[in-house]
>>> print(open('query.pdb').read())   # PDB, C-alpha atoms, pLDDT in the B column
ATOM      1  CA  MET K   1      55.920  90.526 -10.577  1.00 50.00           C
ATOM      2  CA  GLU K   2      57.942  90.741 -13.811  1.00 48.00           C
ATOM      3  CA  GLU K   3      61.111  91.278 -11.753  1.00 51.00           C
ATOM      4  CA  GLU K   4      60.401  88.168  -9.658  1.00 54.00           C
ATOM      5  CA  THR K   5      59.705  86.105 -12.802  1.00 53.00           C
ATOM      6  CA  ALA K   6      63.001  87.270 -14.291  1.00 50.00           C
ATOM      7  CA  SER K   7      64.825  86.342 -11.068  1.00 76.00           C
ATOM      8  CA  LEU K   8      63.192  82.920 -11.068  1.00 84.00           C
ATOM      9  CA  SER K   9      64.245  82.363 -14.659  1.00 84.00           C
ATOM     10  CA  THR K  10      67.888  83.199 -13.907  1.00 86.00           C
ATOM     11  CA  LEU K  11      67.679  80.793 -10.952  1.00 87.00           C
ATOM     12  CA  VAL K  12      65.878  77.883 -12.615  1.00 87.00           C
ATOM     13  CA  ILE K  13      67.991  77.846 -15.782  1.00 88.00           C
ATOM     14  CA  PRO K  14      71.229  76.989 -13.871  1.00 89.00           C
ATOM     15  CA  LEU K  15      69.295  74.330 -11.926  1.00 88.00           C
ATOM     16  CA  LEU K  16      68.147  72.754 -15.185  1.00 85.00           C
ATOM     17  CA  LYS K  17      71.783  72.612 -16.258  1.00 83.00           C
ATOM     18  CA  GLY K  18      73.041  70.923 -13.086  1.00 83.00           C
ATOM     19  CA  VAL K  19      73.798  71.259  -9.388  1.00 86.00           C
ATOM     20  CA  ILE K  20      74.038  74.652  -7.682  1.00 89.00           C
ATOM     21  CA  TYR K  21      76.632  74.804  -4.897  1.00 89.00           C
ATOM     22  CA  ARG K  22      76.856  77.451  -2.193  1.00 90.00           C
ATOM     23  CA  GLU K  23      80.649  77.377  -2.459  1.00 85.00           C
ATOM     24  CA  GLY K  24      81.831  79.688  -5.199  1.00 79.00           C
ATOM     25  CA  ASN K  25      78.348  80.952  -6.072  1.00 85.00           C
ATOM     26  CA  GLU K  26      77.178  82.888  -3.026  1.00 88.00           C
ATOM     27  CA  ARG K  27      74.921  85.302  -4.928  1.00 89.00           C
ATOM     28  CA  LEU K  28      72.976  82.611  -6.786  1.00 90.00           C
ATOM     29  CA  TRP K  29      72.766  80.566  -3.572  1.00 92.00           C
ATOM     30  CA  GLY K  30      71.320  83.573  -1.736  1.00 90.00           C
ATOM     31  CA  ASP K  31      68.698  84.035  -4.473  1.00 89.00           C
ATOM     32  CA  LEU K  32      67.819  80.357  -4.156  1.00 91.00           C
ATOM     33  CA  LEU K  33      67.295  80.600  -0.393  1.00 92.00           C
ATOM     34  CA  ASN K  34      65.098  83.680  -0.840  1.00 91.00           C
ATOM     35  CA  LEU K  35      63.013  82.323  -3.714  1.00 90.00           C
ATOM     36  CA  HIS K  36      62.982  78.558  -3.236  1.00 89.00           C
ATOM     37  CA  PRO K  37      59.209  78.340  -2.461  1.00 90.00           C
ATOM     38  CA  GLN K  38      58.478  80.130  -5.725  1.00 90.00           C
ATOM     39  CA  ALA K  39      61.097  78.035  -7.528  1.00 90.00           C
ATOM     40  CA  ARG K  40      59.429  74.814  -6.328  1.00 90.00           C
ATOM     41  CA  ASP K  41      56.104  75.967  -7.784  1.00 90.00           C
ATOM     42  CA  TYR K  42      57.816  77.197 -10.941  1.00 87.00           C
ATOM     43  CA  ILE K  43      59.440  73.853 -11.775  1.00 87.00           C
ATOM     44  CA  SER K  44      56.574  71.648 -10.561  1.00 86.00           C
ATOM     45  CA  VAL K  45      54.688  72.218 -13.838  1.00 82.00           C
ATOM     46  CA  LEU K  46      57.642  70.504 -15.563  1.00 81.00           C
ATOM     47  CA  GLY K  47      57.261  67.412 -13.396  1.00 82.00           C
ATOM     48  CA  LEU K  48      60.376  68.248 -11.367  1.00 87.00           C
ATOM     49  CA  GLU K  49      61.175  68.583  -7.672  1.00 89.00           C
ATOM     50  CA  LEU K  50      63.748  70.840  -6.035  1.00 91.00           C
ATOM     51  CA  VAL K  51      66.132  69.160  -3.589  1.00 90.00           C
ATOM     52  CA  LEU K  52      67.745  71.795  -1.357  1.00 92.00           C
ATOM     53  CA  ASP K  53      70.202  70.978   1.439  1.00 91.00           C
ATOM     54  CA  GLU K  54      71.110  74.187   3.252  1.00 91.00           C
ATOM     55  CA  ALA K  55      73.438  72.448   5.718  1.00 88.00           C
ATOM     56  CA  GLU K  56      75.565  70.804   3.008  1.00 88.00           C
ATOM     57  CA  GLY K  57      75.233  73.689   0.565  1.00 90.00           C
ATOM     58  CA  TYR K  58      73.836  72.186  -2.631  1.00 90.00           C
ATOM     59  CA  ALA K  59      70.608  72.085  -4.629  1.00 91.00           C
ATOM     60  CA  PHE K  60      69.489  70.124  -7.673  1.00 89.00           C
ATOM     61  CA  LEU K  61      66.386  69.048  -9.563  1.00 87.00           C
ATOM     62  CA  LYS K  62      64.989  65.538  -9.829  1.00 84.00           C
ATOM     63  CA  SER K  63      62.014  64.036 -11.607  1.00 80.00           C
ATOM     64  CA  ARG K  64      58.823  63.853  -9.550  1.00 76.00           C
ATOM     65  CA  PRO K  65      57.684  60.257  -8.821  1.00 68.00           C
ATOM     66  CA  GLU K  66      55.059  59.089 -11.281  1.00 62.00           C
ATOM     67  CA  SER K  67      51.488  58.989 -10.012  1.00 54.00           C
ATOM     68  CA  ALA K  68      49.996  55.581  -9.255  1.00 55.00           C
ATOM     69  CA  ASP K  69      46.676  56.835 -10.628  1.00 55.00           C
ATOM     70  CA  PRO K  70      46.204  55.209 -14.064  1.00 60.00           C
ATOM     71  CA  GLY K  71      44.092  58.191 -15.094  1.00 56.00           C
ATOM     72  CA  VAL K  72      47.069  60.562 -14.796  1.00 49.00           C
ATOM     73  CA  THR K  73      49.163  60.834 -17.954  1.00 52.00           C
ATOM     74  CA  PRO K  74      52.870  60.855 -17.011  1.00 52.00           C
ATOM     75  CA  LEU K  75      54.954  63.767 -18.257  1.00 48.00           C
ATOM     76  CA  PRO K  76      57.999  63.132 -20.458  1.00 50.00           C
ATOM     77  CA  ARG K  77      61.156  62.952 -18.355  1.00 50.00           C
ATOM     78  CA  LEU K  78      63.345  66.061 -18.536  1.00 47.00           C
ATOM     79  CA  ILE K  79      66.055  64.418 -16.433  1.00 51.00           C
ATOM     80  CA  ALA K  80      67.084  61.061 -17.827  1.00 53.00           C
ATOM     81  CA  ARG K  81      67.828  58.052 -15.654  1.00 58.00           C
ATOM     82  CA  ARG K  82      71.461  57.000 -15.781  1.00 63.00           C
ATOM     83  CA  SER K  83      72.534  53.384 -15.845  1.00 70.00           C
ATOM     84  CA  LEU K  84      75.797  52.828 -13.982  1.00 77.00           C
ATOM     85  CA  SER K  85      78.178  49.909 -14.275  1.00 81.00           C
ATOM     86  CA  PHE K  86      78.875  47.699 -11.243  1.00 80.00           C
ATOM     87  CA  PRO K  87      82.373  49.133 -10.676  1.00 84.00           C
ATOM     88  CA  VAL K  88      81.119  52.740 -10.850  1.00 86.00           C
ATOM     89  CA  SER K  89      78.261  51.938  -8.449  1.00 83.00           C
ATOM     90  CA  LEU K  90      80.686  50.182  -6.113  1.00 84.00           C
ATOM     91  CA  LEU K  91      83.157  53.068  -6.183  1.00 89.00           C
ATOM     92  CA  LEU K  92      80.353  55.542  -5.435  1.00 88.00           C
ATOM     93  CA  ALA K  93      79.379  53.443  -2.412  1.00 86.00           C
ATOM     94  CA  LEU K  94      82.998  53.220  -1.243  1.00 89.00           C
ATOM     95  CA  LEU K  95      83.374  56.983  -1.549  1.00 92.00           C
ATOM     96  CA  ARG K  96      80.115  57.465   0.374  1.00 89.00           C
ATOM     97  CA  LYS K  97      81.367  55.211   3.157  1.00 87.00           C
ATOM     98  CA  LYS K  98      84.656  57.104   3.213  1.00 90.00           C
ATOM     99  CA  LEU K  99      82.692  60.357   3.519  1.00 89.00           C
ATOM    100  CA  ALA K 100      80.670  58.975   6.446  1.00 86.00           C
ATOM    101  CA  GLU K 101      83.891  57.919   8.227  1.00 87.00           C
ATOM    102  CA  PHE K 102      85.422  61.312   7.497  1.00 90.00           C
ATOM    103  CA  ASP K 103      82.414  63.158   8.941  1.00 86.00           C
ATOM    104  CA  ALA K 104      82.534  61.040  12.093  1.00 85.00           C
ATOM    105  CA  GLY K 105      86.217  61.669  12.643  1.00 78.00           C
ATOM    106  CA  GLY K 106      86.726  65.422  12.500  1.00 70.00           C
ATOM    107  CA  ASP K 107      85.517  68.962  11.936  1.00 67.00           C
ATOM    108  CA  ASP K 108      86.853  69.464   8.403  1.00 72.00           C
ATOM    109  CA  THR K 109      84.137  69.672   5.745  1.00 78.00           C
ATOM    110  CA  ARG K 110      86.159  68.742   2.639  1.00 87.00           C
ATOM    111  CA  LEU K 111      87.216  65.185   1.961  1.00 91.00           C
ATOM    112  CA  VAL K 112      90.137  65.220  -0.491  1.00 93.00           C
ATOM    113  CA  LEU K 113      91.618  61.967  -1.798  1.00 94.00           C
ATOM    114  CA  SER K 114      94.571  61.362  -4.064  1.00 92.00           C
ATOM    115  CA  ARG K 115      94.186  59.422  -7.288  1.00 91.00           C
ATOM    116  CA  GLU K 116      96.169  56.567  -5.721  1.00 92.00           C
ATOM    117  CA  GLU K 117      93.861  56.441  -2.676  1.00 93.00           C
ATOM    118  CA  ILE K 118      90.772  56.211  -4.887  1.00 93.00           C
ATOM    119  CA  VAL K 119      92.386  53.544  -7.073  1.00 91.00           C
ATOM    120  CA  GLU K 120      93.219  51.490  -3.976  1.00 90.00           C
ATOM    121  CA  LEU K 121      89.644  51.810  -2.646  1.00 89.00           C
ATOM    122  CA  LEU K 122      88.328  49.892  -5.641  1.00 86.00           C
ATOM    123  CA  ARG K 123      91.393  47.812  -6.492  1.00 83.00           C
ATOM    124  CA  VAL K 124      91.069  45.534  -3.454  1.00 79.00           C
ATOM    125  CA  PHE K 125      87.589  44.416  -4.563  1.00 76.00           C
ATOM    126  CA  LEU K 126      88.518  43.529  -8.134  1.00 72.00           C
ATOM    127  CA  PRO K 127      89.731  40.075  -9.262  1.00 68.00           C
ATOM    128  CA  ASP K 128      93.495  39.599  -9.307  1.00 68.00           C
ATOM    129  CA  SER K 129      95.092  40.267 -12.661  1.00 67.00           C
ATOM    130  CA  SER K 130      98.581  39.975 -14.067  1.00 67.00           C
ATOM    131  CA  ASN K 131      97.969  43.176 -16.024  1.00 76.00           C
ATOM    132  CA  GLU K 132      98.086  45.768 -13.258  1.00 77.00           C
ATOM    133  CA  THR K 133      98.348  48.659 -15.714  1.00 81.00           C
ATOM    134  CA  ARG K 134      95.121  47.627 -17.413  1.00 83.00           C
ATOM    135  CA  ILE K 135      93.307  47.438 -14.046  1.00 83.00           C
ATOM    136  CA  VAL K 136      94.501  50.925 -13.064  1.00 85.00           C
ATOM    137  CA  ASP K 137      93.448  52.300 -16.465  1.00 87.00           C
ATOM    138  CA  GLN K 138      89.973  50.823 -15.981  1.00 88.00           C
ATOM    139  CA  ILE K 139      89.694  52.406 -12.532  1.00 89.00           C
ATOM    140  CA  GLU K 140      90.822  55.731 -14.040  1.00 91.00           C
ATOM    141  CA  ASN K 141      87.890  55.474 -16.465  1.00 91.00           C
ATOM    142  CA  HIS K 142      85.519  54.869 -13.535  1.00 92.00           C
ATOM    143  CA  ILE K 143      86.943  57.908 -11.724  1.00 93.00           C
ATOM    144  CA  ASN K 144      86.450  60.042 -14.838  1.00 92.00           C
ATOM    145  CA  LYS K 145      82.833  58.871 -15.041  1.00 90.00           C
ATOM    146  CA  ILE K 146      82.218  59.894 -11.431  1.00 91.00           C
ATOM    147  CA  VAL K 147      83.805  63.294 -12.108  1.00 91.00           C
ATOM    148  CA  GLU K 148      81.431  63.618 -15.078  1.00 88.00           C
ATOM    149  CA  LEU K 149      78.480  62.733 -12.822  1.00 84.00           C
ATOM    150  CA  GLY K 150      79.523  65.492 -10.413  1.00 86.00           C
ATOM    151  CA  PHE K 151      80.323  63.381  -7.341  1.00 90.00           C
ATOM    152  CA  LEU K 152      84.070  64.028  -7.558  1.00 93.00           C
ATOM    153  CA  ARG K 153      85.774  67.325  -8.349  1.00 92.00           C
ATOM    154  CA  ARG K 154      89.245  67.231  -9.827  1.00 91.00           C
ATOM    155  CA  LEU K 155      91.469  69.714  -7.972  1.00 90.00           C
ATOM    156  CA  LYS K 156      93.976  71.840  -9.821  1.00 83.00           C
ATOM    157  CA  THR K 157      97.543  71.131  -8.777  1.00 75.00           C
ATOM    158  CA  SER K 158     100.713  72.658 -10.173  1.00 70.00           C
ATOM    159  CA  SER K 159     102.751  69.655  -9.092  1.00 71.00           C
ATOM    160  CA  GLY K 160     102.388  66.352  -7.305  1.00 71.00           C
ATOM    161  CA  PRO K 161      99.790  63.601  -7.730  1.00 77.00           C
ATOM    162  CA  ALA K 162      96.241  64.284  -8.919  1.00 86.00           C
ATOM    163  CA  SER K 163      93.693  64.768  -6.155  1.00 92.00           C
ATOM    164  CA  PHE K 164      89.916  64.922  -5.969  1.00 94.00           C
ATOM    165  CA  GLU K 165      87.319  66.387  -3.628  1.00 93.00           C
ATOM    166  CA  VAL K 166      84.407  64.094  -2.787  1.00 93.00           C
ATOM    167  CA  ARG K 167      81.353  66.272  -3.337  1.00 92.00           C
ATOM    168  CA  ARG K 168      78.885  66.174  -0.467  1.00 89.00           C
ATOM    169  CA  ILE K 169      75.945  65.839  -2.842  1.00 89.00           C
ATOM    170  CA  LEU K 170      76.881  62.146  -2.911  1.00 89.00           C
ATOM    171  CA  LYS K 171      75.030  61.855   0.417  1.00 85.00           C
ATOM    172  CA  ALA K 172      71.755  62.625  -1.377  1.00 83.00           C
ATOM    173  CA  PHE K 173      72.229  59.725  -3.801  1.00 81.00           C
ATOM    174  CA  VAL K 174      73.649  57.063  -1.476  1.00 75.00           C
ATOM    175  CA  ASP K 175      71.462  57.351   1.606  1.00 69.00           C
ATOM    176  CA  ALA K 176      72.003  56.063   5.139  1.00 64.00           C
ATOM    177  CA  GLN K 177      69.813  52.973   4.626  1.00 65.00           C
ATOM    178  CA  TRP K 178      71.751  51.973   1.516  1.00 66.00           C
ATOM    179  CA  LEU K 179      74.967  52.468   3.444  1.00 66.00           C
ATOM    180  CA  ALA K 180      73.666  50.284   6.281  1.00 67.00           C
ATOM    181  CA  ASP K 181      73.286  47.420   3.780  1.00 71.00           C
ATOM    182  CA  PHE K 182      76.713  48.103   2.312  1.00 69.00           C
ATOM    183  CA  ASP K 183      78.505  45.019   3.656  1.00 69.00           C
ATOM    184  CA  GLN K 184      75.894  42.704   2.137  1.00 72.00           C
ATOM    185  CA  ARG K 185      76.081  44.559  -1.162  1.00 67.00           C
ATOM    186  CA  LEU K 186      79.865  44.189  -1.117  1.00 70.00           C
ATOM    187  CA  ALA K 187      79.549  40.446  -0.507  1.00 72.00           C
ATOM    188  CA  ASP K 188      77.103  40.169  -3.423  1.00 70.00           C
ATOM    189  CA  TYR K 189      79.443  42.138  -5.665  1.00 64.00           C
ATOM    190  CA  GLN K 190      82.486  40.067  -4.718  1.00 66.00           C
ATOM    191  CA  ALA K 191      80.504  36.870  -5.369  1.00 71.00           C
ATOM    192  CA  GLN K 192      79.600  38.211  -8.792  1.00 67.00           C
ATOM    193  CA  CYS K 193      83.242  39.082  -9.519  1.00 61.00           C
ATOM    194  CA  SER K 194      84.302  35.585  -8.449  1.00 60.00           C
ATOM    195  CA  GLY K 195      81.662  34.078 -10.716  1.00 57.00           C
ATOM    196  CA  VAL K 196      82.853  36.112 -13.671  1.00 49.00           C
ATOM    197  CA  GLU K 197      86.470  35.144 -12.951  1.00 46.00           C
ATOM    198  CA  GLY K 198      85.516  31.473 -12.574  1.00 48.00           C
ATOM    199  CA  ARG K 199      83.661  31.438 -15.892  1.00 46.00           C
ATOM    200  CA  ALA K 200      86.663  33.055 -17.584  1.00 41.00           C
ATOM    201  CA  GLU K 201      88.965  30.317 -16.204  1.00 43.00           C
ATOM    202  CA  ASP K 202      86.562  27.566 -17.321  1.00 44.00           C
ATOM    203  CA  THR K 203      86.477  29.061 -20.798  1.00 40.00           C
ATOM    204  CA  ALA K 204      90.276  29.211 -20.928  1.00 41.00           C
ATOM    205  CA  ASN K 205      90.505  25.539 -19.900  1.00 44.00           C
ATOM    206  CA  ASP K 206      88.033  24.273 -22.518  1.00 46.00           C
TER     207      ASP K 206
END
>>> encode(input="query.pdb", output="structure tokens")
Amino acid sequence: MEEETASLSTLVIPLLKGVIYREGNERLWGDLLNLHPQARDYISVLGLELVLDEAEGYAFLKSRPESADPGVTPLPRLIARRSLSFPVSLLLALLRKKLAEFDAGGDDTRLVLSREEIVELLRVFLPDSSNETRIVDQIENHINKIVELGFLRRLKTSSGPASFEVRRILKAFVDAQWLADFDQRLADYQAQCSGVEGRAEDTAND
């Protein structure tokens, strides 16, 4: 029993720190597959749920939905909600759509995009600007944020342009239903961008 508790501890601690991937961590992944029922019980007392996708090879923790029963006192959140800007949210959706197209088109499991390809994905949806360098710098900041969130992995290259792997965990955060509504969301976003641009022009003309 003590040995199992120790194994659970060495498994749960990495999960509390972030995502566990099968790739590059085969031993820990094997422990997770063997002990995931016990791990679910172990972390449930903390108000957390284990999300495990064996096919895609990742696992992470998320906060359990709060009870609708007013008599149940909600637990403090261990995993904070993150507020994302419109451009970051849009780029995540564009990457998710790119991943869906990639999966439909071949047998390879790793979607790798260059920095320029990612910049172009978002660039076409932003208002025109005479300061192209500033726009690219802003998109670079959005890319860095997505790397920080764990949905992109920067690949090491000795030469040539920077490239990134789109992590498949993105599928767990941008689901199929959200993707089905993507065109409408894009239209809403572009309308918002146009409104912001229009207000800026009105201000400049006053």
>>> closest_residue(input="query.pdb", among="K:Lys62, K:Arg110, K:Glu117, K:Gly18", to="Glu148 in chain K", atoms="only C-alpha atoms")
K:Gly18
>>> atom_distance(input="query.pdb", atom1="CA of Ala187 in chain K", atom2="CA of Val136 in chain K")
22.2 Å
>>> residues_around(input="query.pdb", residues="Arg22 in chain K", least_positions_apart="2", cutoff="9 Å", atoms="all atoms listed in the file", output="ChimeraX atom specification")
/K:20,24-30,54,56-59
>>> residues_around(input="query.pdb", residues="Ile139 in chain K", least_positions_apart="2", cutoff="8 Å", atoms="all atoms listed in the file", output="CSV table (one decimal) with C-alpha atoms, in the frame of the given file")
chain,number,residue,atom,x,y,z
K,119,VAL,CA,92.4,53.5,-7.1
K,122,LEU,CA,88.3,49.9,-5.6
K,123,ARG,CA,91.4,47.8,-6.5
K,135,ILE,CA,93.3,47.4,-14.0
K,136,VAL,CA,94.5,50.9,-13.1
K,137,ASP,CA,93.4,52.3,-16.5
K,141,ASN,CA,87.9,55.5,-16.5
K,142,HIS,CA,85.5,54.9,-13.5
K,143,ILE,CA,86.9,57.9,-11.7
>>> closest_residue(input="query.pdb", among="K:Leu152, K:Ala39, K:Leu61, K:Leu33", to="Thr10 in chain K", atoms="all atoms listed in the file")
K:Ala39
>>> residues_around(input="query.pdb", residues="Leu92 in chain K", least_positions_apart="3", cutoff="12 Å", atoms="all atoms listed in the file", output="PDB file with C-alpha atoms, keeping the file's coordinate frame")
ATOM      1  CA  LEU K  84      75.797  52.828 -13.982  1.00 77.00           C
ATOM      2  CA  SER K  85      78.178  49.909 -14.275  1.00 81.00           C
ATOM      3  CA  PHE K  86      78.875  47.699 -11.243  1.00 80.00           C
ATOM      4  CA  PRO K  87      82.373  49.133 -10.676  1.00 84.00           C
ATOM      5  CA  VAL K  88      81.119  52.740 -10.850  1.00 86.00           C
ATOM      6  CA  SER K  89      78.261  51.938  -8.449  1.00 83.00           C
ATOM      7  CA  LEU K  95      83.374  56.983  -1.549  1.00 92.00           C
ATOM      8  CA  ARG K  96      80.115  57.465   0.374  1.00 89.00           C
ATOM      9  CA  LYS K  97      81.367  55.211   3.157  1.00 87.00           C
ATOM     10  CA  LYS K  98      84.656  57.104   3.213  1.00 90.00           C
ATOM     11  CA  LEU K  99      82.692  60.357   3.519  1.00 89.00           C
ATOM     12  CA  ILE K 118      90.772  56.211  -4.887  1.00 93.00           C
ATOM     13  CA  LEU K 121      89.644  51.810  -2.646  1.00 89.00           C
ATOM     14  CA  LEU K 122      88.328  49.892  -5.641  1.00 86.00           C
ATOM     15  CA  HIS K 142      85.519  54.869 -13.535  1.00 92.00           C
ATOM     16  CA  ILE K 143      86.943  57.908 -11.724  1.00 93.00           C
ATOM     17  CA  LYS K 145      82.833  58.871 -15.041  1.00 90.00           C
ATOM     18  CA  ILE K 146      82.218  59.894 -11.431  1.00 91.00           C
ATOM     19  CA  VAL K 147      83.805  63.294 -12.108  1.00 91.00           C
ATOM     20  CA  LEU K 149      78.480  62.733 -12.822  1.00 84.00           C
ATOM     21  CA  GLY K 150      79.523  65.492 -10.413  1.00 86.00           C
ATOM     22  CA  PHE K 151      80.323  63.381  -7.341  1.00 90.00           C
ATOM     23  CA  LEU K 152      84.070  64.028  -7.558  1.00 93.00           C
ATOM     24  CA  VAL K 166      84.407  64.094  -2.787  1.00 93.00           C
ATOM     25  CA  ARG K 167      81.353  66.272  -3.337  1.00 92.00           C
ATOM     26  CA  ARG K 168      78.885  66.174  -0.467  1.00 89.00           C
ATOM     27  CA  ILE K 169      75.945  65.839  -2.842  1.00 89.00           C
ATOM     28  CA  LEU K 170      76.881  62.146  -2.911  1.00 89.00           C
ATOM     29  CA  LYS K 171      75.030  61.855   0.417  1.00 85.00           C
ATOM     30  CA  ALA K 172      71.755  62.625  -1.377  1.00 83.00           C
ATOM     31  CA  PHE K 173      72.229  59.725  -3.801  1.00 81.00           C
ATOM     32  CA  VAL K 174      73.649  57.063  -1.476  1.00 75.00           C
ATOM     33  CA  ASP K 175      71.462  57.351   1.606  1.00 69.00           C
ATOM     34  CA  TRP K 178      71.751  51.973   1.516  1.00 66.00           C
ATOM     35  CA  LEU K 179      74.967  52.468   3.444  1.00 66.00           C
ATOM     36  CA  PHE K 182      76.713  48.103   2.312  1.00 69.00           C
TER      37      PHE K 182
END
>>> atom_distance(input="query.pdb", atom1="CA of Leu48 in chain K", atom2="CA of Arg64 in chain K")
5.0 Å
>>> atom_distance(input="query.pdb", atom1="CA of Arg40 in chain K", atom2="CA of Leu8 in chain K")
10.1 Å
>>> axis_aligned_box(input="query.pdb", around="range 100-106 of chain K", padding_each_side="5 Å", output="AutoDock Vina command-line options")
--center_x 83.7 --center_y 61.7 --center_z 9.5 --size_x 16.1 --size_y 17.5 --size_z 16.2
>>> closest_residue(input="query.pdb", among="K:Val112, K:Asp31, K:Phe60, K:Ala55", to="Leu15 in chain K", atoms="all atoms listed in the file")
K:Phe60
>>> decode(input="query.pdb", residues="range 112-124 of chain K", atoms="N, CA, C and O atoms", output="PDB file, in the first residue's frame")
ATOM      1  N   VAL K 112       3.982  20.385 -38.077  1.00  0.00           N
ATOM      2  CA  VAL K 112       5.062  21.345 -37.837  1.00  0.00           C
ATOM      3  C   VAL K 112       4.875  22.521 -38.790  1.00  0.00           C
ATOM      4  O   VAL K 112       4.714  22.341 -39.998  1.00  0.00           O
ATOM      5  N   LEU K 113       4.870  23.730 -38.227  1.00  0.00           N
ATOM      6  CA  LEU K 113       4.705  24.944 -39.021  1.00  0.00           C
ATOM      7  C   LEU K 113       5.885  25.876 -38.776  1.00  0.00           C
ATOM      8  O   LEU K 113       6.408  25.953 -37.659  1.00  0.00           O
ATOM      9  N   SER K 114       6.272  26.586 -39.817  1.00  0.00           N
ATOM     10  CA  SER K 114       7.326  27.580 -39.655  1.00  0.00           C
ATOM     11  C   SER K 114       6.749  28.825 -38.983  1.00  0.00           C
ATOM     12  O   SER K 114       5.529  29.034 -38.966  1.00  0.00           O
ATOM     13  N   ARG K 115       7.634  29.654 -38.464  1.00  0.00           N
ATOM     14  CA  ARG K 115       7.199  30.918 -37.879  1.00  0.00           C
ATOM     15  C   ARG K 115       6.432  31.738 -38.905  1.00  0.00           C
ATOM     16  O   ARG K 115       5.388  32.334 -38.595  1.00  0.00           O
ATOM     17  N   GLU K 116       6.928  31.777 -40.147  1.00  0.00           N
ATOM     18  CA  GLU K 116       6.282  32.564 -41.193  1.00  0.00           C
ATOM     19  C   GLU K 116       4.877  32.046 -41.496  1.00  0.00           C
ATOM     20  O   GLU K 116       3.958  32.828 -41.749  1.00  0.00           O
ATOM     21  N   GLU K 117       4.693  30.726 -41.482  1.00  0.00           N
ATOM     22  CA  GLU K 117       3.371  30.150 -41.754  1.00  0.00           C
ATOM     23  C   GLU K 117       2.387  30.536 -40.660  1.00  0.00           C
ATOM     24  O   GLU K 117       1.215  30.838 -40.942  1.00  0.00           O
ATOM     25  N   ILE K 118       2.833  30.523 -39.408  1.00  0.00           N
ATOM     26  CA  ILE K 118       1.951  30.885 -38.300  1.00  0.00           C
ATOM     27  C   ILE K 118       1.617  32.376 -38.352  1.00  0.00           C
ATOM     28  O   ILE K 118       0.463  32.778 -38.141  1.00  0.00           O
ATOM     29  N   VAL K 119       2.625  33.195 -38.661  1.00  0.00           N
ATOM     30  CA  VAL K 119       2.384  34.636 -38.786  1.00  0.00           C
ATOM     31  C   VAL K 119       1.336  34.898 -39.862  1.00  0.00           C
ATOM     32  O   VAL K 119       0.402  35.682 -39.671  1.00  0.00           O
ATOM     33  N   GLU K 120       1.440  34.210 -40.987  1.00  0.00           N
ATOM     34  CA  GLU K 120       0.520  34.435 -42.101  1.00  0.00           C
ATOM     35  C   GLU K 120      -0.897  33.968 -41.754  1.00  0.00           C
ATOM     36  O   GLU K 120      -1.881  34.559 -42.213  1.00  0.00           O
ATOM     37  N   LEU K 121      -1.007  32.897 -40.943  1.00  0.00           N
ATOM     38  CA  LEU K 121      -2.332  32.428 -40.523  1.00  0.00           C
ATOM     39  C   LEU K 121      -3.142  33.552 -39.895  1.00  0.00           C
ATOM     40  O   LEU K 121      -4.326  33.726 -40.184  1.00  0.00           O
ATOM     41  N   LEU K 122      -2.486  34.304 -39.011  1.00  0.00           N
ATOM     42  CA  LEU K 122      -3.190  35.362 -38.277  1.00  0.00           C
ATOM     43  C   LEU K 122      -3.170  36.684 -39.027  1.00  0.00           C
ATOM     44  O   LEU K 122      -4.126  37.465 -38.943  1.00  0.00           O
ATOM     45  N   ARG K 123      -2.101  36.925 -39.775  1.00  0.00           N
ATOM     46  CA  ARG K 123      -1.926  38.230 -40.426  1.00  0.00           C
ATOM     47  C   ARG K 123      -3.098  38.589 -41.321  1.00  0.00           C
ATOM     48  O   ARG K 123      -3.516  39.759 -41.374  1.00  0.00           O
ATOM     49  N   VAL K 124      -3.651  37.631 -42.037  1.00  0.00           N
ATOM     50  CA  VAL K 124      -4.710  37.927 -43.010  1.00  0.00           C
ATOM     51  C   VAL K 124      -6.013  38.362 -42.340  1.00  0.00           C
ATOM     52  O   VAL K 124      -6.894  38.907 -43.003  1.00  0.00           O
TER      53      VAL K 124
END
